[in-house]
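Chemist: Please find one structure pasted underneath; my questions will follow.
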Amino acid sequence: MKDLEFNNQKVVFTYQNNQYYVAVKPLCVALGIDSGHQFEVIKKDSILGAEYGNYRIQVGVQKRKFLCLPEYLIYGWLIQVNSSDPVFAEFKKECHKILFEYFKLDIM
């Protein structure tokens, strides 16, 4: 089992089909947001809904089933999430800066 950590909460992920998939519910717990609502948002989204998967990931002594997003989509989903967590707000701010730097016009 592999895991990440955010706000002192473990966020598990798995490697399937040649890519990493991040478990959504542990991320929601770490952010203090409703995972049920986020599952619906993901499933209804034309891009995320086509790409999520349900995977069994070893947690302690048992395997648990998680709705997961491929890593390459997780950051775009996260930037859409509303949370009052100040650490998460800084993460989102950094995402906006990175997008700006990538897309800005070089007019000088």
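Within each chain, counting starts at residue 1; across the structure tokens, chains are named A, B, ... in the order shown, with ligands numbered 1 upward in that order.
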Using only C-alpha atoms, what does the table of stretch 40-78 of chain A residues within 9 Å of stretch 83-97 of chain A look like, with each row giving the shortest atom pair and its distance in Å to one decimal, sorted by chain and ascending number, as JSON lines?

Modeler:
```
{"residue": "A:Tyr75", "atom": "CA", "partner": "A:Cys95", "partner_atom": "CA", "distance": 8.1}
{"residue": "A:Gly76", "atom": "CA", "partner": "A:Cys95", "partner_atom": "CA", "distance": 8.9}
{"residue": "A:Leu78", "atom": "CA", "partner": "A:Lys92", "partner_atom": "CA", "distance": 7.8}
```

Chemist: For N, CA, C and O atoms, I'd like the residues from the last selection saved as a PDB file, in the first residue's frame.

Modeler:
```
ATOM      1  N   TYR A  75      -5.721  16.942  -9.911  1.00  0.00           N
ATOM      2  CA  TYR A  75      -5.441  18.353  -9.614  1.00  0.00           C
ATOM      3  C   TYR A  75      -6.500  19.275 -10.205  1.00  0.00           C
ATOM      4  O   TYR A  75      -6.893  20.257  -9.572  1.00  0.00           O
ATOM      5  N   GLY A  76      -6.973  18.957 -11.399  1.00  0.00           N
ATOM      6  CA  GLY A  76      -8.055  19.741 -12.001  1.00  0.00           C
ATOM      7  C   GLY A  76      -9.337  19.622 -11.204  1.00  0.00           C
ATOM      8  O   GLY A  76     -10.058  20.606 -11.035  1.00  0.00           O
ATOM      9  N   LEU A  78      -9.450  18.961  -7.960  1.00  0.00           N
ATOM     10  CA  LEU A  78      -9.230  19.653  -6.689  1.00  0.00           C
ATOM     11  C   LEU A  78      -9.368  21.171  -6.812  1.00  0.00           C
ATOM     12  O   LEU A  78      -9.872  21.822  -5.904  1.00  0.00           O
TER      13      LEU A  78
END
```

Chemist: Between atom CA of A:Gly36 and atom CA of A:Asn17, what is the distance in Å, rounded to a tenth?

Modeler: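 Interatomic distance, atom CA of A:Gly36 to atom CA of A:Asn17: 25.6 Å.
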
Chemist: Looking only at the backbone, which of the residues in stretch 15-101 of chain A does DSSP tag as alpha helix (DSSP H), as an MDAnalysis selection string?

Modeler: chainID A and resid 24:31 35:44 48:51 71:80 86:101

Chemist: For the selection just defined, write its residues with C-alpha atoms to a file, as a short mmCIF file (atom, residue, chain, number, x, y, z; two decimals), in the first residue's frame.

Modeler:
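Result saved to result.cif:
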```cif
data_model
loop_
_atom_site.label_atom_id
_atom_site.label_comp_id
_atom_site.auth_asym_id
_atom_site.auth_seq_id
_atom_site.Cartn_x
_atom_site.Cartn_y
_atom_site.Cartn_z
CA VAL A 24 -11.20 10.39 -3.54
CA LYS A 25 -12.85 9.73 -0.16
CA PRO A 26 -9.66 10.07 1.93
CA LEU A 27 -8.93 13.37 0.15
CA CYS A 28 -12.43 14.58 0.98
CA VAL A 29 -11.96 13.60 4.63
CA ALA A 30 -8.66 15.50 4.74
CA LEU A 31 -10.33 18.57 3.22
CA SER A 35 -17.39 12.79 -0.26
CA GLY A 36 -20.91 11.75 -1.35
CA HIS A 37 -21.45 15.10 -3.02
CA GLN A 38 -18.02 14.94 -4.66
CA PHE A 39 -18.73 11.43 -5.99
CA GLU A 40 -21.83 12.82 -7.71
CA VAL A 41 -19.87 15.79 -9.10
CA ILE A 42 -17.21 13.43 -10.48
CA LYS A 43 -19.70 10.98 -11.97
CA LYS A 44 -21.69 13.75 -13.71
CA LEU A 48 -13.99 12.92 -14.77
CA GLY A 49 -17.03 10.67 -15.10
CA ALA A 50 -15.48 8.84 -18.02
CA GLU A 51 -12.16 8.31 -16.27
CA GLU A 71 -3.53 11.29 -10.96
CA TYR A 72 -3.44 13.44 -14.09
CA LEU A 73 -7.08 14.51 -13.39
CA ILE A 74 -6.92 14.84 -9.60
CA TYR A 75 -5.44 18.35 -9.61
CA GLY A 76 -8.05 19.74 -12.00
CA TRP A 77 -10.80 18.24 -9.86
CA LEU A 78 -9.23 19.65 -6.69
CA ILE A 79 -9.03 23.17 -8.07
CA GLN A 80 -12.84 23.07 -8.48
CA PRO A 86 -6.32 27.47 4.67
CA VAL A 87 -3.69 24.91 3.60
CA PHE A 88 -5.92 23.83 0.74
CA ALA A 89 -6.53 27.46 -0.22
CA GLU A 90 -2.76 27.91 -0.58
CA PHE A 91 -2.60 24.78 -2.74
CA LYS A 92 -5.32 26.17 -5.01
CA LYS A 93 -3.57 29.53 -5.21
CA GLU A 94 -0.39 27.78 -6.32
CA CYS A 95 -2.36 25.83 -8.95
CA HIS A 96 -3.68 29.10 -10.35
CA LYS A 97 -0.14 30.52 -10.50
CA ILE A 98 1.14 27.43 -12.30
CA LEU A 99 -1.69 27.62 -14.85
CA PHE A 100 -1.01 31.31 -15.37
CA GLU A 101 2.70 30.71 -15.94
#
```

Chemist: Just list the residues in chain A DSSP gives strand (DSSP E or B) on the backbone, as a ChimeraX atom specification.

Modeler: /A:2-6,9-16,19-23,53-59,62-70

Chemist: How many Å separate atom CA of A:Lys10 from atom CA of A:Val22?

Modeler: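 Answer for the atom CA of A:Lys10 to atom CA of A:Val22 separation: 11.2 Å.
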
Chemist: What is the atom CA of A:Tyr20 to atom CA of A:Asn82 distance in Å?

Modeler: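 Distance between the two atoms: 24.0 Å.
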
Chemist: Contacts of A:Lys63 at 12 Å or less, counting only C-alpha atoms, minus same-chain residues fewer than 5 places along, as a list of chain:residue names?

Modeler: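 The neighbour list is A:Met1, A:Val12, A:Thr14, A:Tyr55, A:Arg56, A:Ile57, A:Gln58.
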
Chemist: Write the residues you've just listed into a file as a PDB file, in the first residue's frame, and include all heavy atoms for each of them.

Modeler:
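Once everything was written out, this is part_12.pdb:
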```pdb
ATOM      1  N   MET A   1       0.837  -1.195   0.000  1.00  0.00           N
ATOM      2  CA  MET A   1       0.000   0.000   0.000  1.00  0.00           C
ATOM      3  C   MET A   1       0.872   1.245   0.000  1.00  0.00           C
ATOM      4  O   MET A   1       1.866   1.322   0.685  1.00  0.00           O
ATOM      5  CB  MET A   1      -0.897   0.016   1.234  1.00  0.00           C
ATOM      6  CG  MET A   1      -1.727   1.269   1.340  1.00  0.00           C
ATOM      7  SD  MET A   1      -2.647   1.423   2.867  1.00  0.00           S
ATOM      8  CE  MET A   1      -1.355   1.863   3.990  1.00  0.00           C
ATOM      9  N   VAL A  12      -4.766   7.310   0.251  1.00  0.00           N
ATOM     10  CA  VAL A  12      -4.223   6.128  -0.422  1.00  0.00           C
ATOM     11  C   VAL A  12      -4.383   6.236  -1.928  1.00  0.00           C
ATOM     12  O   VAL A  12      -5.248   6.957  -2.428  1.00  0.00           O
ATOM     13  CB  VAL A  12      -4.881   4.821   0.096  1.00  0.00           C
ATOM     14  CG1 VAL A  12      -4.514   4.575   1.547  1.00  0.00           C
ATOM     15  CG2 VAL A  12      -6.385   4.833  -0.080  1.00  0.00           C
ATOM     16  N   THR A  14      -3.328   3.801  -5.791  1.00  0.00           N
ATOM     17  CA  THR A  14      -2.929   2.519  -6.346  1.00  0.00           C
ATOM     18  C   THR A  14      -2.377   2.733  -7.751  1.00  0.00           C
ATOM     19  O   THR A  14      -2.622   3.772  -8.365  1.00  0.00           O
ATOM     20  CB  THR A  14      -4.119   1.535  -6.374  1.00  0.00           C
ATOM     21  OG1 THR A  14      -3.666   0.255  -6.797  1.00  0.00           O
ATOM     22  CG2 THR A  14      -5.242   2.003  -7.265  1.00  0.00           C
ATOM     23  N   TYR A  55     -11.439   0.872  -7.264  1.00  0.00           N
ATOM     24  CA  TYR A  55     -10.327  -0.053  -7.049  1.00  0.00           C
ATOM     25  C   TYR A  55     -10.254  -0.477  -5.593  1.00  0.00           C
ATOM     26  O   TYR A  55     -10.568   0.299  -4.698  1.00  0.00           O
ATOM     27  CB  TYR A  55      -9.001   0.596  -7.452  1.00  0.00           C
ATOM     28  CG  TYR A  55      -8.920   0.887  -8.922  1.00  0.00           C
ATOM     29  CD1 TYR A  55      -9.083   2.173  -9.399  1.00  0.00           C
ATOM     30  CD2 TYR A  55      -8.697  -0.135  -9.833  1.00  0.00           C
ATOM     31  CE1 TYR A  55      -9.026   2.447 -10.765  1.00  0.00           C
ATOM     32  CE2 TYR A  55      -8.639   0.116 -11.190  1.00  0.00           C
ATOM     33  CZ  TYR A  55      -8.802   1.412 -11.638  1.00  0.00           C
ATOM     34  OH  TYR A  55      -8.740   1.669 -12.988  1.00  0.00           O
ATOM     35  N   ARG A  56      -9.818  -1.700  -5.396  1.00  0.00           N
ATOM     36  CA  ARG A  56      -9.574  -2.200  -4.051  1.00  0.00           C
ATOM     37  C   ARG A  56      -8.132  -1.861  -3.678  1.00  0.00           C
ATOM     38  O   ARG A  56      -7.210  -2.181  -4.421  1.00  0.00           O
ATOM     39  CB  ARG A  56      -9.792  -3.704  -3.974  1.00  0.00           C
ATOM     40  CG  ARG A  56     -11.246  -4.079  -4.162  1.00  0.00           C
ATOM     41  CD  ARG A  56     -11.513  -5.492  -3.658  1.00  0.00           C
ATOM     42  NE  ARG A  56     -12.915  -5.819  -3.752  1.00  0.00           N
ATOM     43  CZ  ARG A  56     -13.842  -5.443  -2.882  1.00  0.00           C
ATOM     44  NH1 ARG A  56     -13.516  -4.727  -1.843  1.00  0.00           N
ATOM     45  NH2 ARG A  56     -15.100  -5.784  -3.049  1.00  0.00           N
ATOM     46  N   ILE A  57      -7.989  -1.205  -2.531  1.00  0.00           N
ATOM     47  CA  ILE A  57      -6.676  -0.775  -2.058  1.00  0.00           C
ATOM     48  C   ILE A  57      -6.485  -1.315  -0.649  1.00  0.00           C
ATOM     49  O   ILE A  57      -7.391  -1.224   0.192  1.00  0.00           O
ATOM     50  CB  ILE A  57      -6.552   0.764  -2.065  1.00  0.00           C
ATOM     51  CG1 ILE A  57      -6.797   1.309  -3.480  1.00  0.00           C
ATOM     52  CG2 ILE A  57      -5.190   1.198  -1.546  1.00  0.00           C
ATOM     53  CD1 ILE A  57      -6.848   2.819  -3.571  1.00  0.00           C
ATOM     54  N   GLN A  58      -5.317  -1.876  -0.404  1.00  0.00           N
ATOM     55  CA  GLN A  58      -4.989  -2.416   0.918  1.00  0.00           C
ATOM     56  C   GLN A  58      -4.903  -1.286   1.935  1.00  0.00           C
ATOM     57  O   GLN A  58      -4.134  -0.339   1.768  1.00  0.00           O
ATOM     58  CB  GLN A  58      -3.642  -3.156   0.858  1.00  0.00           C
ATOM     59  CG  GLN A  58      -3.315  -3.944   2.104  1.00  0.00           C
ATOM     60  CD  GLN A  58      -4.060  -5.258   2.147  1.00  0.00           C
ATOM     61  OE1 GLN A  58      -4.319  -5.861   1.122  1.00  0.00           O
ATOM     62  NE2 GLN A  58      -4.380  -5.706   3.337  1.00  0.00           N
TER      63      GLN A  58
END
```
